[in-house]
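target_11.cif, holding mmCIF, C-alpha atoms:
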data_model
loop_
_atom_site.group_PDB
_atom_site.id
_atom_site.type_symbol
_atom_site.label_atom_id
_atom_site.label_comp_id
_atom_site.auth_asym_id
_atom_site.auth_seq_id
_atom_site.Cartn_x
_atom_site.Cartn_y
_atom_site.Cartn_z
ATOM 1 C CA MET Z 1 0.610 -26.721 -8.502
ATOM 2 C CA GLU Z 2 1.027 -24.567 -11.602
ATOM 3 C CA THR Z 3 -2.631 -23.556 -11.328
ATOM 4 C CA ILE Z 4 -2.166 -21.408 -8.199
ATOM 5 C CA PRO Z 5 0.624 -19.198 -9.632
ATOM 6 C CA ALA Z 6 -1.370 -18.709 -12.835
ATOM 7 C CA LEU Z 7 -4.527 -17.748 -10.939
ATOM 8 C CA PHE Z 8 -2.444 -15.491 -8.700
ATOM 9 C CA ASN Z 9 -0.946 -13.586 -11.638
ATOM 10 C CA ILE Z 10 -4.333 -13.161 -13.345
ATOM 11 C CA SER Z 11 -6.047 -12.038 -10.122
ATOM 12 C CA LEU Z 12 -3.197 -9.665 -9.303
ATOM 13 C CA THR Z 13 -3.320 -8.006 -12.725
ATOM 14 C CA VAL Z 14 -7.084 -7.452 -12.603
ATOM 15 C CA PHE Z 15 -6.849 -6.285 -8.972
ATOM 16 C CA ILE Z 16 -4.277 -3.577 -9.774
ATOM 17 C CA VAL Z 17 -6.201 -2.324 -12.817
ATOM 18 C CA ALA Z 18 -9.554 -2.321 -10.984
ATOM 19 C CA THR Z 19 -8.048 -0.533 -7.989
ATOM 20 C CA MET Z 20 -6.597 2.308 -10.047
ATOM 21 C CA LEU Z 21 -9.727 2.590 -12.209
ATOM 22 C CA THR Z 22 -11.735 2.984 -9.011
ATOM 23 C CA ALA Z 23 -9.344 5.679 -7.809
ATOM 24 C CA GLY Z 24 -9.654 7.525 -11.124
ATOM 25 C CA PHE Z 25 -13.450 7.263 -11.200
ATOM 26 C CA GLY Z 26 -13.589 8.813 -7.741
ATOM 27 C CA THR Z 27 -11.078 11.649 -8.191
ATOM 28 C CA THR Z 28 -12.033 15.116 -9.397
ATOM 29 C CA VAL Z 29 -9.879 18.094 -10.257
ATOM 30 C CA ALA Z 30 -11.555 20.024 -7.431
ATOM 31 C CA GLN Z 31 -10.593 17.329 -4.919
ATOM 32 C CA LEU Z 32 -7.009 17.392 -6.121
ATOM 33 C CA ARG Z 33 -6.845 21.177 -5.878
ATOM 34 C CA GLY Z 34 -8.364 21.171 -2.398
ATOM 35 C CA VAL Z 35 -5.811 18.787 -0.933
ATOM 36 C CA LEU Z 36 -2.848 20.048 -2.983
ATOM 37 C CA SER Z 37 -3.468 23.554 -1.630
ATOM 38 C CA ASN Z 38 -2.260 22.259 1.737
ATOM 39 C CA VAL Z 39 1.382 22.348 0.682
ATOM 40 C CA TRP Z 40 2.746 21.272 4.065
ATOM 41 C CA LEU Z 41 0.458 18.251 4.240
ATOM 42 C CA VAL Z 42 1.273 17.074 0.720
ATOM 43 C CA GLY Z 43 4.996 17.740 1.112
ATOM 44 C CA THR Z 44 5.320 15.856 4.395
ATOM 45 C CA VAL Z 45 3.203 12.923 3.201
ATOM 46 C CA LEU Z 46 5.289 12.552 0.037
ATOM 47 C CA PHE Z 47 8.598 12.947 1.887
ATOM 48 C CA ILE Z 48 7.593 10.406 4.501
ATOM 49 C CA GLY Z 49 6.168 8.014 1.918
ATOM 50 C CA PHE Z 50 9.120 8.036 -0.457
ATOM 51 C CA VAL Z 51 12.074 8.741 1.845
ATOM 52 C CA ILE Z 52 11.283 7.934 5.474
ATOM 53 C CA ARG Z 53 9.259 4.749 4.808
ATOM 54 C CA PRO Z 54 11.987 2.863 2.909
ATOM 55 C CA LEU Z 55 14.700 4.115 5.268
ATOM 56 C CA ILE Z 56 12.816 2.922 8.342
ATOM 57 C CA GLY Z 57 12.023 -0.366 6.605
ATOM 58 C CA PHE Z 58 15.731 -0.800 5.864
ATOM 59 C CA GLY Z 59 16.653 0.129 9.428
ATOM 60 C CA ALA Z 60 14.171 -2.370 10.881
ATOM 61 C CA ALA Z 61 15.448 -5.145 8.591
ATOM 62 C CA GLU Z 62 19.008 -4.463 9.750
ATOM 63 C CA LEU Z 63 18.088 -4.007 13.427
ATOM 64 C CA PHE Z 64 16.064 -7.223 13.603
ATOM 65 C CA GLN Z 65 18.677 -9.082 11.506
ATOM 66 C CA LEU Z 66 16.135 -10.522 9.104
ATOM 67 C CA SER Z 67 16.792 -13.414 6.742
ATOM 68 C CA VAL Z 68 17.373 -12.714 3.051
ATOM 69 C CA ALA Z 69 13.731 -13.451 2.192
ATOM 70 C CA GLY Z 70 12.517 -11.393 5.155
ATOM 71 C CA PHE Z 71 14.780 -8.495 4.183
ATOM 72 C CA VAL Z 72 13.557 -8.560 0.571
ATOM 73 C CA ALA Z 73 9.879 -8.732 1.577
ATOM 74 C CA THR Z 74 10.330 -5.869 4.047
ATOM 75 C CA ALA Z 75 12.208 -3.752 1.488
ATOM 76 C CA LEU Z 76 9.518 -4.284 -1.144
ATOM 77 C CA LEU Z 77 6.628 -3.481 1.180
ATOM 78 C CA TRP Z 78 8.032 -0.316 2.727
ATOM 79 C CA SER Z 79 9.191 1.028 -0.647
ATOM 80 C CA CYS Z 80 5.632 1.038 -1.992
ATOM 81 C CA PRO Z 81 3.228 3.541 -0.348
ATOM 82 C CA GLY Z 82 -0.289 4.392 -1.440
ATOM 83 C CA ALA Z 83 -2.433 1.455 -0.288
ATOM 84 C CA PRO Z 84 -6.067 1.732 -1.473
ATOM 85 C CA ILE Z 85 -7.199 0.051 1.739
ATOM 86 C CA GLY Z 86 -5.934 3.155 3.557
ATOM 87 C CA VAL Z 87 -9.066 5.002 2.407
ATOM 88 C CA LYS Z 88 -11.322 2.355 3.958
ATOM 89 C CA LEU Z 89 -9.288 2.486 7.161
ATOM 90 C CA ALA Z 90 -9.662 6.285 7.192
ATOM 91 C CA MET Z 91 -13.419 5.686 7.100
ATOM 92 C CA THR Z 92 -13.029 3.395 10.101
ATOM 93 C CA ALA Z 93 -11.205 6.182 11.927
ATOM 94 C CA GLU Z 94 -13.974 8.673 11.059
ATOM 95 C CA ALA Z 95 -11.136 10.745 9.561
ATOM 96 C CA ASP Z 96 -10.937 13.026 6.501
ATOM 97 C CA VAL Z 97 -11.721 10.509 3.769
ATOM 98 C CA ASN Z 98 -11.293 13.023 0.930
ATOM 99 C CA SER Z 99 -7.740 13.842 2.031
ATOM 100 C CA ALA Z 100 -6.965 10.151 2.504
ATOM 101 C CA ALA Z 101 -8.228 9.343 -1.012
ATOM 102 C CA VAL Z 102 -6.253 12.103 -2.743
ATOM 103 C CA LEU Z 103 -3.080 11.379 -0.771
ATOM 104 C CA GLN Z 104 -3.409 7.668 -1.532
ATOM 105 C CA VAL Z 105 -3.761 8.377 -5.246
ATOM 106 C CA LEU Z 106 -0.727 10.683 -5.232
ATOM 107 C CA LEU Z 107 1.406 8.127 -3.413
ATOM 108 C CA ALA Z 108 0.301 5.248 -5.638
ATOM 109 C CA SER Z 109 0.758 7.238 -8.855
ATOM 110 C CA ILE Z 110 4.218 8.572 -8.056
ATOM 111 C CA GLY Z 111 5.139 5.224 -6.536
ATOM 112 C CA SER Z 112 4.555 3.573 -9.905
ATOM 113 C CA ILE Z 113 7.829 5.162 -10.984
ATOM 114 C CA THR Z 114 9.794 5.308 -7.720
ATOM 115 C CA PHE Z 115 9.004 1.860 -6.308
ATOM 116 C CA ALA Z 116 11.379 -0.294 -8.360
ATOM 117 C CA PRO Z 117 14.529 1.877 -8.038
ATOM 118 C CA THR Z 118 13.843 2.515 -4.336
ATOM 119 C CA ALA Z 119 13.370 -1.165 -3.521
ATOM 120 C CA ASN Z 120 16.439 -2.044 -5.572
ATOM 121 C CA ALA Z 121 18.530 0.532 -3.699
ATOM 122 C CA VAL Z 122 17.362 -0.743 -0.297
ATOM 123 C CA ILE Z 123 18.061 -4.375 -1.214
ATOM 124 C CA SER Z 124 21.485 -3.467 -2.614
ATOM 125 C CA ALA Z 125 22.331 -1.568 0.585
ATOM 126 C CA GLY Z 126 21.545 -4.647 2.649
ATOM 127 C CA ASN Z 127 24.762 -6.531 1.781
ATOM 128 C CA LEU Z 128 22.812 -9.786 1.615
ATOM 129 C CA ASP Z 129 25.749 -11.817 0.296
ATOM 130 C CA THR Z 130 23.666 -12.956 -2.650
ATOM 131 C CA ASP Z 131 23.165 -11.667 -6.170
ATOM 132 C CA ILE Z 132 19.714 -10.066 -5.954
ATOM 133 C CA SER Z 133 18.684 -7.352 -8.358
ATOM 134 C CA ILE Z 134 15.271 -6.074 -9.438
ATOM 135 C CA PRO Z 135 14.768 -5.471 -13.179
ATOM 136 C CA VAL Z 136 13.924 -1.829 -12.607
ATOM 137 C CA GLY Z 137 13.016 -0.914 -16.183
ATOM 138 C CA ASP Z 138 10.694 -3.876 -16.741
ATOM 139 C CA LEU Z 139 8.991 -3.387 -13.391
ATOM 140 C CA ILE Z 140 8.452 0.351 -13.936
ATOM 141 C CA LYS Z 141 6.906 -0.276 -17.356
ATOM 142 C CA THR Z 142 4.619 -2.971 -15.963
ATOM 143 C CA ILE Z 143 3.432 -0.898 -13.007
ATOM 144 C CA VAL Z 144 2.960 2.274 -15.050
ATOM 145 C CA VAL Z 145 0.751 0.392 -17.510
ATOM 146 C CA LEU Z 146 -1.221 -1.319 -14.734
ATOM 147 C CA GLN Z 147 -1.548 1.741 -12.471
ATOM 148 C CA LEU Z 148 -1.156 5.090 -14.207
ATOM 149 C CA VAL Z 149 -3.004 4.244 -17.420
ATOM 150 C CA PRO Z 150 -6.169 2.929 -15.674
ATOM 151 C CA PHE Z 151 -6.096 5.862 -13.248
ATOM 152 C CA GLY Z 152 -5.860 8.337 -16.122
ATOM 153 C CA ILE Z 153 -8.729 6.645 -17.962
ATOM 154 C CA GLY Z 154 -10.847 6.695 -14.811
ATOM 155 C CA MET Z 155 -10.182 10.362 -14.080
ATOM 156 C CA VAL Z 156 -10.897 11.445 -17.664
ATOM 157 C CA THR Z 157 -14.147 9.472 -17.545
ATOM 158 C CA ARG Z 158 -15.058 11.233 -14.301
ATOM 159 C CA HIS Z 159 -14.336 14.610 -15.893
ATOM 160 C CA TRP Z 160 -16.381 13.922 -19.043
ATOM 161 C CA SER Z 161 -19.208 11.858 -17.532
ATOM 162 C CA ALA Z 162 -19.507 12.027 -13.750
ATOM 163 C CA ALA Z 163 -22.688 9.933 -13.628
ATOM 164 C CA ARG Z 164 -21.150 7.125 -15.663
ATOM 165 C CA ALA Z 165 -17.941 7.219 -13.607
ATOM 166 C CA THR Z 166 -19.922 6.967 -10.378
ATOM 167 C CA GLU Z 167 -21.855 3.982 -11.726
ATOM 168 C CA TRP Z 168 -18.740 2.188 -12.906
ATOM 169 C CA ARG Z 169 -16.853 3.076 -9.732
ATOM 170 C CA ASP Z 170 -19.247 0.985 -7.648
ATOM 171 C CA SER Z 171 -18.588 -2.049 -9.843
ATOM 172 C CA SER Z 172 -14.824 -1.613 -10.056
ATOM 173 C CA SER Z 173 -14.632 -1.019 -6.300
ATOM 174 C CA ARG Z 174 -16.418 -4.299 -5.585
ATOM 175 C CA ILE Z 175 -14.170 -6.145 -8.020
ATOM 176 C CA ALA Z 176 -11.008 -4.650 -6.501
ATOM 177 C CA GLY Z 177 -12.170 -5.308 -2.948
ATOM 178 C CA ASN Z 178 -13.005 -8.937 -3.653
ATOM 179 C CA LEU Z 179 -9.840 -9.559 -5.646
ATOM 180 C CA PHE Z 180 -7.650 -8.160 -2.847
ATOM 181 C CA TRP Z 181 -8.753 -11.059 -0.666
ATOM 182 C CA VAL Z 182 -8.439 -13.497 -3.570
ATOM 183 C CA VAL Z 183 -4.828 -12.410 -4.100
ATOM 184 C CA LEU Z 184 -4.112 -12.820 -0.387
ATOM 185 C CA ALA Z 185 -5.832 -16.214 -0.329
ATOM 186 C CA LEU Z 186 -3.830 -17.468 -3.320
ATOM 187 C CA SER Z 187 -0.647 -16.163 -1.695
ATOM 188 C CA ILE Z 188 -1.478 -18.113 1.457
ATOM 189 C CA LEU Z 189 -2.310 -21.266 -0.521
ATOM 190 C CA GLY Z 190 0.986 -21.025 -2.353
ATOM 191 C CA SER Z 191 3.124 -20.500 0.732
ATOM 192 C CA TRP Z 192 1.123 -21.494 3.831
ATOM 193 C CA GLU Z 193 4.003 -23.478 5.337
ATOM 194 C CA THR Z 194 6.226 -20.396 5.278
ATOM 195 C CA ILE Z 195 3.510 -18.309 6.936
ATOM 196 C CA ILE Z 196 3.029 -20.832 9.754
ATOM 197 C CA ASP Z 197 6.782 -20.938 10.356
ATOM 198 C CA LEU Z 198 6.802 -17.147 10.796
ATOM 199 C CA ILE Z 199 4.707 -17.211 13.989
ATOM 200 C CA GLY Z 200 6.794 -15.627 16.724
ATOM 201 C CA GLN Z 201 9.611 -14.668 14.332
ATOM 202 C CA ARG Z 202 11.451 -11.330 14.315
ATOM 203 C CA VAL Z 203 10.126 -10.357 10.902
ATOM 204 C CA LEU Z 204 6.584 -10.057 12.295
ATOM 205 C CA LEU Z 205 7.800 -7.991 15.244
ATOM 206 C CA ALA Z 206 9.667 -5.723 12.832
ATOM 207 C CA SER Z 207 6.494 -5.245 10.787
ATOM 208 C CA ILE Z 208 4.438 -4.343 13.866
ATOM 209 C CA ALA Z 209 7.056 -1.838 15.032
ATOM 210 C CA VAL Z 210 7.455 -0.158 11.628
ATOM 211 C CA THR Z 211 3.685 0.038 11.025
ATOM 212 C CA ILE Z 212 3.057 1.774 14.354
ATOM 213 C CA LEU Z 213 6.020 4.096 13.873
ATOM 214 C CA MET Z 214 4.966 5.107 10.349
ATOM 215 C CA ILE Z 215 1.404 5.890 11.426
ATOM 216 C CA LEU Z 216 2.634 8.024 14.322
ATOM 217 C CA ILE Z 217 5.176 9.861 12.157
ATOM 218 C CA GLY Z 218 2.576 10.513 9.475
ATOM 219 C CA ARG Z 219 0.057 11.762 11.997
ATOM 220 C CA PHE Z 220 2.254 14.014 14.107
ATOM 221 C CA THR Z 221 4.041 15.690 11.189
ATOM 222 C CA ALA Z 222 0.773 16.666 9.456
ATOM 223 C CA ARG Z 223 -0.890 20.052 9.852
ATOM 224 C CA GLY Z 224 -4.629 20.563 9.988
ATOM 225 C CA ASP Z 225 -7.518 19.312 12.057
ATOM 226 C CA GLU Z 226 -7.495 15.980 13.878
ATOM 227 C CA GLU Z 227 -9.331 14.216 11.050
ATOM 228 C CA THR Z 228 -6.715 15.327 8.513
ATOM 229 C CA LYS Z 229 -3.854 14.268 10.799
ATOM 230 C CA ASP Z 230 -5.426 10.859 11.305
ATOM 231 C CA SER Z 231 -5.782 10.409 7.540
ATOM 232 C CA ALA Z 232 -2.140 11.380 6.961
ATOM 233 C CA GLY Z 233 -1.037 8.800 9.506
ATOM 234 C CA ILE Z 234 -3.264 6.006 8.285
ATOM 235 C CA VAL Z 235 -2.170 6.242 4.635
ATOM 236 C CA GLN Z 236 1.416 5.579 5.792
ATOM 237 C CA GLY Z 237 0.516 2.406 7.672
ATOM 238 C CA CYS Z 238 -0.182 0.080 4.766
ATOM 239 C CA THR Z 239 1.459 -0.908 1.497
ATOM 240 C CA ASN Z 240 0.204 -0.663 -2.063
ATOM 241 C CA SER Z 241 0.318 -4.438 -2.375
ATOM 242 C CA GLY Z 242 -0.177 -4.698 -6.148
ATOM 243 C CA PRO Z 243 3.275 -3.476 -7.239
ATOM 244 C CA ALA Z 244 4.915 -5.354 -4.345
ATOM 245 C CA PHE Z 245 3.320 -8.628 -5.425
ATOM 246 C CA ALA Z 246 4.162 -7.845 -9.047
ATOM 247 C CA ALA Z 247 7.810 -7.402 -8.054
ATOM 248 C CA VAL Z 248 7.865 -10.887 -6.504
ATOM 249 C CA ALA Z 249 6.337 -12.358 -9.650
ATOM 250 C CA ILE Z 250 8.645 -10.504 -12.066
ATOM 251 C CA ALA Z 251 11.920 -10.236 -10.157
ATOM 252 C CA PHE Z 252 11.798 -13.383 -8.007
ATOM 253 C CA ASP Z 253 9.727 -15.744 -10.151
ATOM 254 C CA GLY Z 254 7.003 -15.946 -7.503
ATOM 255 C CA ASP Z 255 9.385 -17.203 -4.802
ATOM 256 C CA PRO Z 256 7.056 -18.915 -2.257
ATOM 257 C CA GLU Z 257 9.166 -17.917 0.752
ATOM 258 C CA ILE Z 258 9.213 -14.220 -0.128
ATOM 259 C CA LEU Z 259 5.537 -14.395 -1.114
ATOM 260 C CA GLY Z 260 4.605 -16.064 2.174
ATOM 261 C CA ILE Z 261 6.496 -13.533 4.279
ATOM 262 C CA MET Z 262 5.025 -10.638 2.311
ATOM 263 C CA THR Z 263 1.497 -11.973 2.777
ATOM 264 C CA ALA Z 264 2.004 -12.319 6.520
ATOM 265 C CA LEU Z 265 3.454 -8.810 6.772
ATOM 266 C CA LEU Z 266 0.549 -7.322 4.810
ATOM 267 C CA LEU Z 267 -1.905 -8.943 7.207
ATOM 268 C CA VAL Z 268 0.074 -7.516 10.131
ATOM 269 C CA GLN Z 269 -0.013 -4.036 8.566
ATOM 270 C CA ILE Z 270 -3.766 -4.203 8.050
ATOM 271 C CA CYS Z 271 -4.479 -5.484 11.577
ATOM 272 C CA VAL Z 272 -2.254 -2.915 13.304
ATOM 273 C CA THR Z 273 -3.587 -0.024 11.210
ATOM 274 C CA LEU Z 274 -7.173 -1.162 11.790
ATOM 275 C CA LEU Z 275 -6.617 -1.197 15.558
ATOM 276 C CA LEU Z 276 -5.123 2.302 15.542
ATOM 277 C CA ALA Z 277 -7.841 3.593 13.191
ATOM 278 C CA SER Z 278 -10.469 2.275 15.609
ATOM 279 C CA TYR Z 279 -8.617 3.969 18.457
ATOM 280 C CA PHE Z 280 -8.581 7.295 16.582
ATOM 281 C CA ALA Z 281 -12.337 7.002 16.024
ATOM 282 C CA ARG Z 282 -13.272 6.389 19.664
ATOM 283 C CA ASP Z 283 -13.788 10.057 20.687
ATOM 284 C CA ARG Z 284 -15.724 10.906 17.511
ATOM 285 C CA VAL Z 285 -18.043 7.944 17.913
ATOM 286 C CA THR Z 286 -18.588 8.826 21.580
ATOM 287 C CA ALA Z 287 -19.323 12.476 20.709
ATOM 288 C CA GLU Z 288 -21.807 11.480 18.008
ATOM 289 C CA ALA Z 289 -23.557 9.105 20.396
ATOM 290 C CA ALA Z 290 -23.805 11.844 23.035
ATOM 291 C CA ALA Z 291 -25.257 14.273 20.508
#

Would you mind writing the file out in structure tokens?
Amino acid sequence: METIPALFNISLTVFIVATMLTAGFGTTVAQLRGVLSNVWLVGTVLFIGFVIRPLIGFGAAELFQLSVAGFVATALLWSCPGAPIGVKLAMTAEADVNSAAVLQVLLASIGSITFAPTANAVISAGNLDTDISIPVGDLIKTIVVLQLVPFGIGMVTRHWSAARATEWRDSSSRIAGNLFWVVLALSILGSWETIIDLIGQRVLLASIAVTILMILIGRFTARGDEETKDSAGIVQGCTNSGPAFAAVAIAFDGDPEILGIMTALLLVQICVTLLLASYFARDRVTAEAAA
């Protein structure tokens, strides 16, 4: 049984590094300037991602009276915005992929520093009647090394050698995409009984409600065309799973119950966001077909 946790930790580490390398390889200074010039869009996305998300996650955990493990999993997930899969879901929605990519990178990069203290504050506010505390310093150092350093290397490579960055981006993207499912699969293998027990439980209902609410808030507070609004909403619907999984490994010694709940909630986030992304795309697909 020790094999699964070891494989999980190795896969998770490579997944995080490959994900942020891919983001760096695909990000240019011009792209950053273009999106950052929309001050309202950037400001609302960051405020929602780092303030509203964790507050709503905390509120849902309290409202649905989640168990300790469910509360912790919910706090970790909604304290960590910037999911790379949000860019792929923006593609599904036929939305503004460039805006989605830049906003995702901003959220993930800043979240490397804010995630641990935010999650710790939410868990502490929960009055869980148990001594739970995240080692904030250790987690920040780990996530900064795994996220910000690879992203910086990727972006510098893109700036100095665009052709090489594009070539390597294809490889790193495939690796990250495949490893995302490997990490999920290993999480399921390590805690499948917990996941089965969650069917019909309040924690899944809470995840569905928060995911829908975050997408709607992100979309309707954004300014710009419909594609930009859809992108702003979609990037709020999912979690940057790497740091969240890392927190379980570092702070909770890979607790199978928390890991199982987190895996189930991530799948819920992806499914709900995918459905809404497909709904957003319906008019664009119809218009293209008519043309």

Checklist entry - Smallest atom-to-atom distance to Ile199 in chain Z: which of Z:Val268, Z:Ile10, Z:Ala176, Z:Val68, using all atoms listed in the file? => result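 Closest to Ile199 in chain Z, using all atoms listed in the file: Z:Val268.
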
Item to check | Explicit residue set for the PyMOL selection byres ((chain Z and resi 168) around 12), as a list in words | outcome: Ala18, Leu21, Thr22, Ala23, Gly24, Phe25, Gly26, Gly154, Met155, Thr157, Arg158, Ser161, Ala162, Ala163, Arg164, Ala165, Thr166, Glu167, Arg169, Asp170, Ser171, Ser172, Ser173, Arg174 and Ile175 of chain Z

Checklist entry - Which one of Z:Trp181, Z:Tyr279, Z:Phe252, Z:Trp160 sits closest to Val72 in chain Z if you count all atoms listed in the file? => result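 Looking at the shortest contact to Val72 in chain Z, the residue is Z:Phe252.
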
Checklist entry - On this structure, which residues satisfy the PyMOL selection byres ((chain Z and resi 45-49) around 10), written as JSON, numbers by chain? => result {"Z": [39, 40, 41, 42, 43, 44, 50, 51, 52, 53, 54, 55, 56, 78, 79, 80, 81, 82, 103, 104, 106, 107, 108, 110, 111, 214, 217, 218, 219, 221, 222, 232, 233, 235, 236, 237]}

Item to check | Top pick for closest residue to Leu12 in chain Z, considering Z:Gly57, Z:Gly177, Z:Gly224, Z:Pro256 and counting all atoms listed in the file | outcome: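 Checking each of Z:Gly57, Z:Gly177, Z:Gly224, Z:Pro256 against Leu12 in chain Z, counting all atoms listed in the file, the winner is Z:Gly177.
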
Report the residues retrieved by the PyMOL selection byres ((chain Z and resi 76) around 9) from the displayed file, expressed as a tab-separated table (two decimals) with C-alpha atoms, in the coordinates of the input.
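Printed below is expr.tsv as written:
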chain	number	residue	atom	x	y	z
Z	54	PRO	CA	11.99	2.86	2.91
Z	71	PHE	CA	14.78	-8.49	4.18
Z	72	VAL	CA	13.56	-8.56	0.57
Z	73	ALA	CA	9.88	-8.73	1.58
Z	74	THR	CA	10.33	-5.87	4.05
Z	75	ALA	CA	12.21	-3.75	1.49
Z	77	LEU	CA	6.63	-3.48	1.18
Z	78	TRP	CA	8.03	-0.32	2.73
Z	79	SER	CA	9.19	1.03	-0.65
Z	80	CYS	CA	5.63	1.04	-1.99
Z	115	PHE	CA	9.00	1.86	-6.31
Z	116	ALA	CA	11.38	-0.29	-8.36
Z	118	THR	CA	13.84	2.52	-4.34
Z	119	ALA	CA	13.37	-1.16	-3.52
Z	120	ASN	CA	16.44	-2.04	-5.57
Z	122	VAL	CA	17.36	-0.74	-0.30
Z	123	ILE	CA	18.06	-4.38	-1.21
Z	243	PRO	CA	3.28	-3.48	-7.24
Z	244	ALA	CA	4.92	-5.35	-4.34
Z	245	PHE	CA	3.32	-8.63	-5.42
Z	247	ALA	CA	7.81	-7.40	-8.05
Z	248	VAL	CA	7.86	-10.89	-6.50
Z	262	MET	CA	5.03	-10.64	2.31

Box in all listed atoms of range 62-68 of chain Z, axis-aligned, with 3 Å more on each side; write out centre and edge lengths in Å to one decimal as AutoDock Vina command-line options.
--center_x 17.5 --center_y -8.7 --center_z 8.3 --size_x 8.9 --size_y 15.4 --size_z 16.6

Checklist entry - Mind listing as a PyMOL selection string all residues within 9 Å of (4.0, -2.8, 13.4), counting all atoms listed in the file? => result chain Z and resi 204-214+237+265+268-269+272-273

Checklist entry - What gap, in Å, lies between CA of Ser109 in chain Z and CA of Lys88 in chain Z? => result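 Spanning CA of Ser109 in chain Z to CA of Lys88 in chain Z is a straight-line distance of 18.3 Å.
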
Checklist entry - So how many Å separate CA of Leu275 in chain Z and CA of Glu193 in chain Z, to one decimal? => result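 Rounded to one decimal, the two atoms are 26.7 Å apart.
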
Item to check | Interatomic distance, CA of Thr3 in chain Z to CA of Leu148 in chain Z (Å, one decimal) | outcome: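 Separating CA of Thr3 in chain Z from CA of Leu148 in chain Z is a distance of 28.8 Å.
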
Item to check | From Z:Val145, Z:Leu186, Z:Ala69, Z:Val97, residue lying nearest Ile132 in chain Z [only C-alpha atoms] | outcome: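 Closest to Ile132 in chain Z, using only C-alpha atoms: Z:Ala69.
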
Next on the checklist: I need the residue nearest Asn240 in chain Z from this list: Z:Ile16, Z:Val29, Z:Leu146, Z:Ala277. Use only C-alpha atoms for the distance.
Outcome noted: Z:Ile16

What's around Asp138 in chain Z at 12 Å? Count all atoms listed in the file, leave out sequence neighbours fewer than 6 positions away in its own chain, and write the answer as a PDB file with C-alpha atoms, in the frame of the given file.
ATOM      1  CA  SER Z 112       4.555   3.573  -9.905  1.00  0.00           C
ATOM      2  CA  ILE Z 113       7.829   5.162 -10.984  1.00  0.00           C
ATOM      3  CA  ALA Z 116      11.379  -0.294  -8.360  1.00  0.00           C
ATOM      4  CA  PRO Z 117      14.529   1.877  -8.038  1.00  0.00           C
ATOM      5  CA  VAL Z 144       2.960   2.274 -15.050  1.00  0.00           C
ATOM      6  CA  VAL Z 145       0.751   0.392 -17.510  1.00  0.00           C
ATOM      7  CA  ALA Z 246       4.162  -7.845  -9.047  1.00  0.00           C
ATOM      8  CA  ALA Z 247       7.810  -7.402  -8.054  1.00  0.00           C
ATOM      9  CA  ALA Z 249       6.337 -12.358  -9.650  1.00  0.00           C
ATOM     10  CA  ILE Z 250       8.645 -10.504 -12.066  1.00  0.00           C
ATOM     11  CA  ALA Z 251      11.920 -10.236 -10.157  1.00  0.00           C
TER      12      ALA Z 251
END

Item to check | Sphere at (10.1, -14.2, 2.0), radius 6 Å, counting only C-alpha atoms: residues as a PyMOL selection string | outcome: chain Z and resi 69-70+73+257-261
